[in-house]
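**Student:** This is the structure, below, for whatever I ask next.
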Number of protein chains: 2
Amino acid sequence: MQQDETHITLITPSAPVHIATHGGRAKCLQRLVRLDLPVPRTIALSFTAVHRIAAGEMPDMARLLAPFGAGRLLCVRPSSEDPDWGGPGAVLNIGINDARFVELSEQIGKRAASEIYLRFVQGYAIHVARLDPDVFDDVDEDPVRGLSQALRAYEDETDEAFPQDPGMQLAEVFRSMARAWEGTTARLLRQAKGAPADAGLGLVVQELALGLGPGESGSGVMQLVDSRTGAEQITGRYMSQSQGRDALRGGSDALYLERDPRGPSLQELAPRAFDEILAHTRLMREKLREEMQAEFTIEDGRVWILDGLRVARGGRAAVAIAVRLAEDRIIPREEALLRVEPRALNELLHQQVDPEAPRDILARGIAASPGAASGKVVFSAAEAQAAAARGEPCVLVRRETSTEDIRGMHAARAVLTERGGITSHAAVIGRGIGLPCVVGASEIRFHTRRKMLTMPDGRVVRAGETITIDGTNGHILAGEAPLLEAARDDAFQTLMAWADEFRDIGVRANADTPADAELARKFNARGIGLCRTEHMFFEADRLTVMREMIFADTSADRAAVLERLLPMQRADFTELFRIMQGQPVCIRLFDPPLHEFLPADRAGHLQLAEALDLPVSDVTRRVEALGEYNPMLGMRGVRLGITMPEIYDMQARAIFEATLEASREGVAVVPEIMIPLVSARREVELVKTRFDAVAAAVRNETGRDFAYRLGVMVETPRAALRAGEFAPLVSFLSFGTNDLTQMTYGLSRDDAGRFMSAYVQQGVYPEDPFHVLDTDGVGELLRIGAERGRAANPDVTLSICGEHGGNPESIGFCREAGFTYVSCSPFRVPVARLAAAQLAVRDKIR
Amino acid sequence: MQQDETHITLITPSAPVHIATHGGRAKCLQRLVRLDLPVPRTIALSFTAVHRIAAGEMPDMARLLAPFGAGRLLCVRPSSEDPDWGGPGAVLNIGINDARFVELSEQIGKRAASEIYLRFVQGYAIHVARLDPDVFDDVDEDPVRGLSQALRAYEDETDEAFPQDPGMQLAEVFRSMARAWEGTTARLLRQAKGAPADAGLGLVVQELALGLGPGESGSGVMQLVDSRTGAEQITGRYMSQSQGRDALRGGSDALYLERDPRGPSLQELAPRAFDEILAHTRLMREKLREEMQAEFTIEDGRVWILDGLRVARGGRAAVAIAVRLAEDRIIPREEALLRVEPRALNELLHQQVDPEAPRDILARGIAASPGAASGKVVFSAAEAQAAAARGEPCVLVRRETSTEDIRGMHAARAVLTERGGITSHAAVIGRGIGLPCVVGASEIRFHTRRKMLTMPDGRVVRAGETITIDGTNGHILAGEAPLLEAARDDAFQTLMAWADEFRDIGVRANADTPADAELARKFNARGIGLCRTEHMFFEADRLTVMREMIFADTSADRAAVLERLLPMQRADFTELFRIMQGQPVCIRLFDPPLHEFLPADRAGHLQLAEALDLPVSDVTRRVEALGEYNPMLGMRGVRLGITMPEIYDMQARAIFEATLEASREGVAVVPEIMIPLVSARREVELVKTRFDAVAAAVRNETGRDFAYRLGVMVETPRAALRAGEFAPLVSFLSFGTNDLTQMTYGLSRDDAGRFMSAYVQQGVYPEDPFHVLDTDGVGELLRIGAERGRAANPDVTLSICGEHGGNPESIGFCREAGFTYVSCSPFRVPVARLAAAQLAVRDKIR
């Protein structure tokens, strides 16, 4: 019987095993057999076979058991090794009965035989007969006494004697496993993990190597790396007189594998077996081209390799392993790049809560910015700054954040908000500056005035108490959780360098400040794709000037006030150009509505009235007059630039003068200037005319020449549709997919949080479109804009900036649409670089 | 000289005159000559000729004057009769000098000759030599003495004698007229009125018929209709011993034309001349196919027809004239339809400020809803309702209006707001219910708390004082201005009936209430294209229930509260179906965000807390939690329908039960149900599934069958792009161009007012896209949506609803895109019907 119509395969060096029908474990075992590893006799059953047997259709169990030595004990396990597939977790043994027990007692002693039979009875009773585990509560610790008690308990509960026919035992095991596979939980899990809907359960049946019995008998696992770090290190445990993976659970009896100062080891106990297992594990690594964990049993001194599993790993270990496999020339670099999930890099870029430490979860919210940090709870940006000044780590807690909180966010170690979604202000800024952030934690009650939080279980956290924010998982943890440091180590740098060799789409960073720009350089971004200039105006000294500007009545007054901002803006840009050392810097002109710069409450109005020497009623009136129903769709961006052209004039001059300043220092700069919120060609014309005039004036005054590139931020649907109209006027089009998504869906990202999760759960939207680019709708506008823009101006540079720029799926879209680069927040740059490299490698392989 | 290289044409029955080079007046005069009317000898000069002469290039003036009798006096006027073209307004006479004066004195007496010479000197001095009119302040009333004083004054000012050579006089007149034509004011005016940029000034030179002198001499104008109403009525004045249009200015000396009890008439004074002029005017009407005003002079008993002008008219007269011309079989009905500008119908549909009465304009704003009304100023909706209850007409003054003001708007005669644009809430509601409305009156200072308005000139209007709102022109007038009643007379009905014969696209009305529906019927709308159901929830009794629903914590509680709204909604729909008598009614499901139903201030919260028996802090918390940054892009429309399905379930049941109710009364109803704010196919599926379930339940409970049509309101760009996905699920797609415009431009109509006028003035947008459909951007999405929708479901009905539906240009667009109907507010239905008819007629002609 090599393979019959029911897909039962004896695993031998020559029998074909197909992963589609048998699963990864069967495939792996076959490869181990082919490598001449000492694998016990094994058969693999396809899911067709399993389900037919479970349904009672193929009752000839004797024939099925024929390949095995008569009376051998067997173990059964699912042939998929992926726990996400939701199969039955248990490994079940069969083949023992009263007769066999007698033989076995002679062979390995009554005590060991009793223990084996006892375990089998208990496992069978719980997983197959579905008895309550507590029926065995009174079973004696001594296996010999325990066995007869257990057999009695079984009989009492089921009114049947424990089944003695191995064939029937096997059929029942199949039935129970198939039932678990079909259970709702398992099905939902498979669905959620993207497993094929009709995936079935395959099984592997293997002769049981006995870790109990005479001579050196026992079991253990071995791998060649540390799972957490990926560092080279023989890792694992061995336990004499044990079965399966007991050694991993075992306490003081578990031995180290290699000689170890901390305690006894297998290497000392059984050096030849140790050497043999080590050689097998090394061979597996080399031939299976992967770090493997060997599951082994020593049966009276003889080594058996029962199974090989891919070493489970976090992001950090994944990088180290992939790089070393390539450096050892076991896999090519291209494959090393494919071995690391881009998002897994987040683990290397940020501090993490130690995954092995216990977690005291207070509440959950939306994981908005990865990484973890602990600190004392503060409820305002000002307190956050004060805490930072005292050198105390703090966590800023707000109902939601706004531009006024930015400096507080910079001062805090982490941010927690009640409202908002994955693209709320807090989330965007958090990801931008690498600040762990949990948003939309609506299950917590925020009493911001009383400065306390009530958790869902009633626990209260007050200002000054320490919590930990895990922005990777969206957890709020009590106290100071143990953290792992970020790990941008050599392996990471090597992998990134390889990624840059292969990728064929540019990756820039969004960076608003010198600190961001330094980060962008550190992460090897090829320039700045989006520098939001408005953030520069929230510094205390500038904010006052901005407010004066807003309150100026005439164009001349506005220009006079802006004159005072000019040197600050010029210094901002000079600094950026200096840091970026000639890499391109794309500056977006002033974008937000003016009311964002005004205080919202009466106290703020009073203060402002004093500062401006105006009656408070005037201030209140002006603030109210500037209020908007839908600020997102209001007087901002180029609309402000055209109705109050003095602002853009000032910015133009600042950029040009900074360009000359930087070039005086030897940095060659051709600034890129981007016009936000364009909806009509004439807007571009008007800005271009004024910019050319300012450039001419600066050239005139200084007697020096410089170039600049003007571009449009395509973020209204109309700009995408009419890109052909204005593309000839500009050097580049950069698609702002955040706003474009908002407008295409008619969906404010600040307000979407309230129903987005319900929408995604119900499948109304397959994904949050602010998180994953909607290639159907928004993507069509991108394609239309790109095509029309390029048709009208073949030299136009195309790119995207905004949150989607760092998203692997979106990068694939942009690459296919022929974009020159993507731009994303600095902390997503490595993710984007790796994702881009993977796309190029996959294309090459295809 | 019939026509030479410089385009000087002697107007005779055979000489060709081209309107492009000579203007309408020359063309008209030639037609009068061909009709054998007694037109004095005339030449027409093309603009090339005029401008060359003005530039001194063609100095042979004698040759130019040759066609005229030696020594005849001549008059010169622009050959375009359109005052909008900004030409020189004056009619100037030439040909008199000292020698001719002597001859003329012998011929018509010294006094008349002196008067002619004096007028010529004064006109020439002011318009040609550009002297200040006050140099003639001391000239004697007696023309004989006055003439020599005027000649002296001329010489004193210019240091030159009055020019004696008629050729030179003519050349100077040309020069001055050409200068006026080229002036900035005239050019801006032409540009604004859409005249071709390179339009030139043509002139007409005509022998002067003398209305001064012996025998019966004089001048006047005659037309056959009343200019204001278009009613048949010989209208005009005649004055003996007068020139040109003096009779129209003249006081007691001016005669009626026809015998008249009010005073002496030309018919009595010179019956033969009267008959002759009447015959000429009637001939002009018949042959020129238009109501004409004849300008005539009687020279010693002999009648001359100097000119024929199209009778100036308002909208009301235009309708009456066009209809009577067609009824008299002078023009076909098609042409009658083309003779009336659709927007001019507004004048017939609403009260108007009497255009002939003086206007005391307090301030100007945006003309948001046509018509005029007077009333006492009130500053809140509650006061408006109180005033209405007392029977006092009032004008509701608000910074801006919101849904809470709707009942106040219904109670007021007119509305005035400080903020907002042409598509603000006040404007949309105003147009919907035919309420005169001026919005965005930002030049007025609104002190709403002190209940007063400060006008730009410093005048103050307090609550209780009367003003007049002219929503047609955007004027705010002091006191109670004289008004003309609306005039939906027979001629109007006739024209509308003809329009319906010719048009080939449907016109429905947007109607939310029974009153709206009655209006829709009155204006012959073919059904309701948009019934916004949320307006039904603002009635006091329902509002309370709505608020309870919002505060309900569970789905079951919500359903229970909604149960109480069900009978009211059912009654609403039954009433609508009854009024519409089987015409289609398209009901849009609940659309606005819930916070619109909650009070905004603390007092309101308190009241609500009492009503709901909740702590006020809970109410405030809930209200705050429901607040949104961008409500336009928030939790509303189908998003609400999916996350709180109980609301739509209730509406579905109400519609279905009303359908059965109406059909029990013999009205056959197939309700159309429209889902708002769709952005994904799944939204449609979910609503459809629930609606089908509710329909099945109602059929089950009642044992009666009914049909309904489900549709999507396409108002997000994504819905337009993905129309092909959901079109197969529905019966119709109705494009909501208001929201679609907002999202395509990224422009909130409530906030756009602040810069829209600046944007349109600077030509950034050619028009306000909320006013005139943006065919390039929004229009492309309409085309894409229509094409994809139809491709996926050839039976799908296509339409637009929203403000653009009543706009003639937009109707043209929809017709070309193959839409079935447009829907607009009831008062725009006649405009839409006429516009649609014109499109069909023009297509037929083409």
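Letters A, B, ... mark the chains of the structure tokens in the order given; residue numbers begin at 1 per chain; ligand numbers begin at 1, in order shown.
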If the cut-off is 7 Å, can you tell me the residues of chain A near chain B, counting only C-alpha atoms? I'd like them as a PDB file with N, CA, C and O atoms, in the first residue's frame.

**Tutor:**
```pdb
ATOM      1  N   GLU A 628     -16.048  76.391  11.426  1.00  0.00           N
ATOM      2  CA  GLU A 628     -16.591  75.769  10.222  1.00  0.00           C
ATOM      3  C   GLU A 628     -17.402  74.535  10.578  1.00  0.00           C
ATOM      4  O   GLU A 628     -17.132  73.883  11.578  1.00  0.00           O
ATOM      5  N   TYR A 629     -18.377  74.240   9.740  1.00  0.00           N
ATOM      6  CA  TYR A 629     -19.189  73.052   9.949  1.00  0.00           C
ATOM      7  C   TYR A 629     -18.380  71.803   9.647  1.00  0.00           C
ATOM      8  O   TYR A 629     -18.455  70.807  10.346  1.00  0.00           O
ATOM      9  N   ASN A 630     -17.667  71.843   8.547  1.00  0.00           N
ATOM     10  CA  ASN A 630     -16.891  70.699   8.094  1.00  0.00           C
ATOM     11  C   ASN A 630     -15.491  71.184   7.738  1.00  0.00           C
ATOM     12  O   ASN A 630     -15.190  71.416   6.566  1.00  0.00           O
ATOM     13  N   PRO A 631     -14.656  71.353   8.746  1.00  0.00           N
ATOM     14  CA  PRO A 631     -13.344  71.969   8.513  1.00  0.00           C
ATOM     15  C   PRO A 631     -12.545  71.231   7.436  1.00  0.00           C
ATOM     16  O   PRO A 631     -11.800  71.838   6.677  1.00  0.00           O
ATOM     17  N   MET A 632     -12.738  69.924   7.406  1.00  0.00           N
ATOM     18  CA  MET A 632     -12.096  69.083   6.400  1.00  0.00           C
ATOM     19  C   MET A 632     -12.372  69.580   4.981  1.00  0.00           C
ATOM     20  O   MET A 632     -11.564  69.429   4.077  1.00  0.00           O
ATOM     21  N   LEU A 633     -13.554  70.132   4.777  1.00  0.00           N
ATOM     22  CA  LEU A 633     -13.975  70.553   3.437  1.00  0.00           C
ATOM     23  C   LEU A 633     -14.074  72.073   3.369  1.00  0.00           C
ATOM     24  O   LEU A 633     -14.868  72.614   2.616  1.00  0.00           O
ATOM     25  N   GLY A 634     -13.276  72.750   4.171  1.00  0.00           N
ATOM     26  CA  GLY A 634     -13.494  74.181   4.271  1.00  0.00           C
ATOM     27  C   GLY A 634     -12.389  75.028   3.695  1.00  0.00           C
ATOM     28  O   GLY A 634     -11.766  74.715   2.681  1.00  0.00           O
ATOM     29  N   SER A 679      -8.336  71.786  -6.527  1.00  0.00           N
ATOM     30  CA  SER A 679      -9.503  71.211  -7.204  1.00  0.00           C
ATOM     31  C   SER A 679      -9.699  71.788  -8.596  1.00  0.00           C
ATOM     32  O   SER A 679     -10.588  71.360  -9.313  1.00  0.00           O
ATOM     33  N   ALA A 680      -8.882  72.787  -8.987  1.00  0.00           N
ATOM     34  CA  ALA A 680      -9.051  73.398 -10.312  1.00  0.00           C
ATOM     35  C   ALA A 680      -7.698  73.889 -10.817  1.00  0.00           C
ATOM     36  O   ALA A 680      -6.839  74.309 -10.039  1.00  0.00           O
ATOM     37  N   ARG A 682      -6.869  76.523 -12.323  1.00  0.00           N
ATOM     38  CA  ARG A 682      -6.571  77.937 -12.114  1.00  0.00           C
ATOM     39  C   ARG A 682      -5.882  78.159 -10.763  1.00  0.00           C
ATOM     40  O   ARG A 682      -5.075  79.086 -10.616  1.00  0.00           O
ATOM     41  N   GLU A 683      -6.193  77.323  -9.794  1.00  0.00           N
ATOM     42  CA  GLU A 683      -5.523  77.441  -8.497  1.00  0.00           C
ATOM     43  C   GLU A 683      -4.020  77.257  -8.663  1.00  0.00           C
ATOM     44  O   GLU A 683      -3.217  77.987  -8.080  1.00  0.00           O
ATOM     45  N   THR A 716      -8.232  65.721  -3.770  1.00  0.00           N
ATOM     46  CA  THR A 716      -9.677  65.781  -3.994  1.00  0.00           C
ATOM     47  C   THR A 716      -9.970  64.901  -5.215  1.00  0.00           C
ATOM     48  O   THR A 716      -9.133  64.809  -6.118  1.00  0.00           O
ATOM     49  N   PRO A 717     -11.143  64.269  -5.244  1.00  0.00           N
ATOM     50  CA  PRO A 717     -11.465  63.465  -6.426  1.00  0.00           C
ATOM     51  C   PRO A 717     -11.371  64.295  -7.705  1.00  0.00           C
ATOM     52  O   PRO A 717     -10.922  63.823  -8.741  1.00  0.00           O
ATOM     53  N   ARG A 718     -11.743  65.584  -7.607  1.00  0.00           N
ATOM     54  CA  ARG A 718     -11.699  66.401  -8.808  1.00  0.00           C
ATOM     55  C   ARG A 718     -10.270  66.579  -9.316  1.00  0.00           C
ATOM     56  O   ARG A 718     -10.018  66.614 -10.521  1.00  0.00           O
ATOM     57  N   LEU A 721      -9.433  63.549 -11.264  1.00  0.00           N
ATOM     58  CA  LEU A 721     -10.126  63.508 -12.554  1.00  0.00           C
ATOM     59  C   LEU A 721      -9.540  64.520 -13.544  1.00  0.00           C
ATOM     60  O   LEU A 721      -9.491  64.275 -14.737  1.00  0.00           O
ATOM     61  N   ARG A 722      -9.115  65.671 -13.045  1.00  0.00           N
ATOM     62  CA  ARG A 722      -8.654  66.747 -13.925  1.00  0.00           C
ATOM     63  C   ARG A 722      -7.135  66.875 -13.937  1.00  0.00           C
ATOM     64  O   ARG A 722      -6.597  67.925 -14.309  1.00  0.00           O
ATOM     65  N   MET A 743     -12.698  61.786   0.952  1.00  0.00           N
ATOM     66  CA  MET A 743     -13.640  62.415   0.028  1.00  0.00           C
ATOM     67  C   MET A 743     -14.301  61.409  -0.896  1.00  0.00           C
ATOM     68  O   MET A 743     -15.446  61.569  -1.283  1.00  0.00           O
ATOM     69  N   THR A 744     -13.572  60.374  -1.270  1.00  0.00           N
ATOM     70  CA  THR A 744     -14.144  59.383  -2.176  1.00  0.00           C
ATOM     71  C   THR A 744     -15.255  58.607  -1.477  1.00  0.00           C
ATOM     72  O   THR A 744     -16.280  58.296  -2.071  1.00  0.00           O
ATOM     73  N   TYR A 745     -15.045  58.326  -0.202  1.00  0.00           N
ATOM     74  CA  TYR A 745     -16.063  57.620   0.575  1.00  0.00           C
ATOM     75  C   TYR A 745     -17.075  58.572   1.203  1.00  0.00           C
ATOM     76  O   TYR A 745     -18.105  58.134   1.709  1.00  0.00           O
ATOM     77  N   GLY A 746     -16.744  59.878   1.248  1.00  0.00           N
ATOM     78  CA  GLY A 746     -17.584  60.780   2.020  1.00  0.00           C
ATOM     79  C   GLY A 746     -17.512  60.410   3.479  1.00  0.00           C
ATOM     80  O   GLY A 746     -18.529  60.292   4.161  1.00  0.00           O
ATOM     81  N   LEU A 747     -16.301  60.247   3.970  1.00  0.00           N
ATOM     82  CA  LEU A 747     -16.089  59.637   5.273  1.00  0.00           C
ATOM     83  C   LEU A 747     -14.940  60.338   5.977  1.00  0.00           C
ATOM     84  O   LEU A 747     -13.814  60.295   5.521  1.00  0.00           O
ATOM     85  N   SER A 748     -15.267  60.999   7.081  1.00  0.00           N
ATOM     86  CA  SER A 748     -14.238  61.707   7.841  1.00  0.00           C
ATOM     87  C   SER A 748     -13.497  60.711   8.707  1.00  0.00           C
ATOM     88  O   SER A 748     -14.100  59.973   9.468  1.00  0.00           O
ATOM     89  N   ASP A 750     -11.779  61.191  11.229  1.00  0.00           N
ATOM     90  CA  ASP A 750     -11.923  61.482  12.650  1.00  0.00           C
ATOM     91  C   ASP A 750     -13.260  60.981  13.197  1.00  0.00           C
ATOM     92  O   ASP A 750     -13.415  60.799  14.394  1.00  0.00           O
ATOM     93  N   ASP A 751     -14.236  60.843  12.334  1.00  0.00           N
ATOM     94  CA  ASP A 751     -15.563  60.432  12.793  1.00  0.00           C
ATOM     95  C   ASP A 751     -15.863  58.969  12.479  1.00  0.00           C
ATOM     96  O   ASP A 751     -16.849  58.419  12.955  1.00  0.00           O
ATOM     97  N   ALA A 752     -15.020  58.360  11.648  1.00  0.00           N
ATOM     98  CA  ALA A 752     -15.324  57.002  11.185  1.00  0.00           C
ATOM     99  C   ALA A 752     -15.131  55.972  12.283  1.00  0.00           C
ATOM    100  O   ALA A 752     -15.725  54.898  12.243  1.00  0.00           O
ATOM    101  N   VAL A 764     -19.059  45.097   5.510  1.00  0.00           N
ATOM    102  CA  VAL A 764     -19.541  46.170   4.634  1.00  0.00           C
ATOM    103  C   VAL A 764     -18.354  46.727   3.860  1.00  0.00           C
ATOM    104  O   VAL A 764     -18.415  46.905   2.647  1.00  0.00           O
ATOM    105  N   GLY A 777     -12.049  51.851  -5.507  1.00  0.00           N
ATOM    106  CA  GLY A 777     -12.609  53.207  -5.632  1.00  0.00           C
ATOM    107  C   GLY A 777     -11.524  54.259  -5.647  1.00  0.00           C
ATOM    108  O   GLY A 777     -11.235  54.876  -6.675  1.00  0.00           O
TER     109      GLY A 777
END
```

**Student:** Write out as JSON, numbers by chain each polymer residue whose atoms come within 7 Å of Ala384 (chain A), counting only C-alpha atoms; drop sequence neighbours fewer than 5 positions from it.

**Tutor:** {"A": [378, 394, 396, 408, 411, 412]}

**Student:** Excluding same-chain residues fewer than 6 positions from region 397-407 of chain A, what lies within 7 Å of it counting only C-alpha atoms, as a list of chain:residue names?

**Tutor:**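 That gives A:Val377, A:Val378, A:Phe379, A:Ser380, A:Ala381, A:Val415, A:Leu416, A:Thr417, A:Glu418, A:Arg419, A:Gly420, A:His425, A:Ala426.
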
**Student:** Using DSSP on the backbone coordinates, identify the residues of region 500-647 of chain A assigned to strand (DSSP E); present them as a PyMOL selection string.

**Tutor:** chain A and resi 506-510+528-532+585-588

**Student:** Go ahead and save the picked residues with all heavy atoms, as a CSV table (one decimal), in the first residue's frame.

**Tutor:**
```csv
chain,number,residue,atom,x,y,z
A,506,GLY,N,10.9,54.0,-5.2
A,506,GLY,CA,11.6,54.8,-4.2
A,506,GLY,C,10.8,54.8,-2.9
A,506,GLY,O,9.5,54.6,-2.9
A,507,VAL,N,11.4,55.0,-1.8
A,507,VAL,CA,10.8,55.2,-0.5
A,507,VAL,C,11.3,56.4,0.2
A,507,VAL,O,12.5,56.5,0.4
A,507,VAL,CB,11.0,54.0,0.4
A,507,VAL,CG1,10.3,54.2,1.8
A,507,VAL,CG2,10.5,52.7,-0.2
A,508,ARG,N,10.4,57.4,0.4
A,508,ARG,CA,10.8,58.6,1.1
A,508,ARG,C,10.0,58.6,2.4
A,508,ARG,O,9.1,57.8,2.7
A,508,ARG,CB,10.3,59.8,0.3
A,508,ARG,CG,11.1,60.0,-1.0
A,508,ARG,CD,10.9,61.5,-1.4
A,508,ARG,NE,11.3,61.7,-2.8
A,508,ARG,CZ,11.1,62.9,-3.4
A,508,ARG,NH1,10.5,63.9,-2.7
A,508,ARG,NH2,11.5,63.1,-4.6
A,509,ALA,N,10.4,59.5,3.3
A,509,ALA,CA,9.7,59.6,4.6
A,509,ALA,C,8.9,60.9,4.7
A,509,ALA,O,9.3,61.9,4.0
A,509,ALA,CB,10.7,59.6,5.7
A,510,ASN,N,7.8,60.9,5.4
A,510,ASN,CA,7.1,62.1,5.8
A,510,ASN,C,7.8,62.7,7.0
A,510,ASN,O,8.0,61.9,8.0
A,510,ASN,CB,5.7,61.8,6.1
A,510,ASN,CG,4.9,61.2,4.9
A,510,ASN,OD1,5.4,61.2,3.8
A,510,ASN,ND2,3.8,60.7,5.2
A,528,ILE,N,12.6,63.4,1.6
A,528,ILE,CA,11.4,63.6,2.3
A,528,ILE,C,10.3,63.8,1.3
A,528,ILE,O,10.4,64.6,0.4
A,528,ILE,CB,11.5,64.9,3.2
A,528,ILE,CG1,12.5,64.7,4.3
A,528,ILE,CG2,10.1,65.3,3.8
A,528,ILE,CD1,12.8,65.9,5.2
A,529,GLY,N,9.2,63.0,1.4
A,529,GLY,CA,8.1,63.1,0.5
A,529,GLY,C,7.0,64.0,0.9
A,529,GLY,O,6.2,64.4,0.1
A,530,LEU,N,7.0,64.3,2.2
A,530,LEU,CA,5.9,65.2,2.7
A,530,LEU,C,6.4,65.9,3.9
A,530,LEU,O,6.6,65.3,5.0
A,530,LEU,CB,4.6,64.4,3.0
A,530,LEU,CG,3.5,65.2,3.6
A,530,LEU,CD1,3.0,66.3,2.7
A,530,LEU,CD2,2.3,64.3,4.0
A,531,CYS,N,6.6,67.2,3.8
A,531,CYS,CA,7.0,68.0,5.0
A,531,CYS,C,5.8,69.0,5.2
A,531,CYS,O,5.5,69.9,4.4
A,531,CYS,CB,8.3,68.8,4.7
A,531,CYS,SG,8.6,70.0,6.0
A,532,ARG,N,5.0,68.7,6.3
A,532,ARG,CA,3.9,69.5,6.6
A,532,ARG,C,4.3,70.8,7.3
A,532,ARG,O,4.7,70.7,8.5
A,532,ARG,CB,2.9,68.7,7.4
A,532,ARG,CG,2.1,67.7,6.6
A,532,ARG,CD,1.5,66.7,7.6
A,532,ARG,NE,2.5,65.9,8.2
A,532,ARG,CZ,2.5,64.5,8.3
A,532,ARG,NH1,1.4,63.9,7.8
A,532,ARG,NH2,3.5,63.9,8.8
A,585,VAL,N,13.6,67.2,-0.9
A,585,VAL,CA,12.7,67.5,0.2
A,585,VAL,C,11.5,68.2,-0.4
A,585,VAL,O,11.5,69.1,-1.1
A,585,VAL,CB,13.4,68.6,1.2
A,585,VAL,CG1,12.4,69.0,2.2
A,585,VAL,CG2,14.6,68.0,1.8
A,586,CYS,N,10.3,67.5,-0.2
A,586,CYS,CA,9.1,68.0,-0.7
A,586,CYS,C,8.3,68.7,0.3
A,586,CYS,O,7.8,68.1,1.3
A,586,CYS,CB,8.3,66.8,-1.3
A,586,CYS,SG,6.7,67.3,-2.1
A,587,ILE,N,8.1,70.0,0.2
A,587,ILE,CA,7.5,70.8,1.2
A,587,ILE,C,6.0,71.1,0.8
A,587,ILE,O,5.8,71.7,-0.3
A,587,ILE,CB,8.2,72.2,1.4
A,587,ILE,CG1,9.6,71.9,1.8
A,587,ILE,CG2,7.5,73.1,2.3
A,587,ILE,CD1,10.6,73.0,1.6
A,588,ARG,N,5.1,70.7,1.7
A,588,ARG,CA,3.7,71.1,1.4
A,588,ARG,C,3.4,72.4,2.0
A,588,ARG,O,3.7,72.7,3.1
A,588,ARG,CB,2.8,70.0,2.0
A,588,ARG,CG,1.3,70.4,1.7
A,588,ARG,CD,0.4,69.4,2.3
A,588,ARG,NE,0.3,69.5,3.7
A,588,ARG,CZ,-0.5,68.7,4.4
A,588,ARG,NH1,-1.2,67.7,3.8
A,588,ARG,NH2,-0.5,68.8,5.7
```

**Student:** Hey, can you check how far CA of Met546 (chain A) sits from CA of Asp601 (chain A)?

**Tutor:**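 So the two atoms, CA of Met546 (chain A) and CA of Asp601 (chain A), lie 17.8 Å apart.
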
**Student:** What is the distance, in Å and to one decimal place, between CA of Leu283 (chain A) and CA of Asp260 (chain A)?

**Tutor:**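 One can read the CA of Leu283 (chain A) to CA of Asp260 (chain A) distance as 23.4 Å.
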
**Student:** List as a VMD selection string the protein and nucleic acid residues near region 320-330 of chain A, meaning an atom at most 10 Å away when only C-alpha atoms are counted, but skip any in the same chain fewer than 5 places from it.

**Tutor:** chain A and resid 225 to 227 229 to 232 285 to 291 311 313 315 335 to 340 489 to 495 498

**Student:** Just asking: which residues within region 413-485 of chain A are alpha helix (DSSP H) according to DSSP, as a VMD selection string?

**Tutor:** chain A and resid 425 to 433

**Student:** Calculated over only C-alpha atoms, which of the candidates A:Thr574, A:Gly637, A:Glu624, A:Arg699 has the smallest distance to Val669 (chain A)?

**Tutor:**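 The shortest atom-to-atom distance to Val669 (chain A) comes from A:Thr574.
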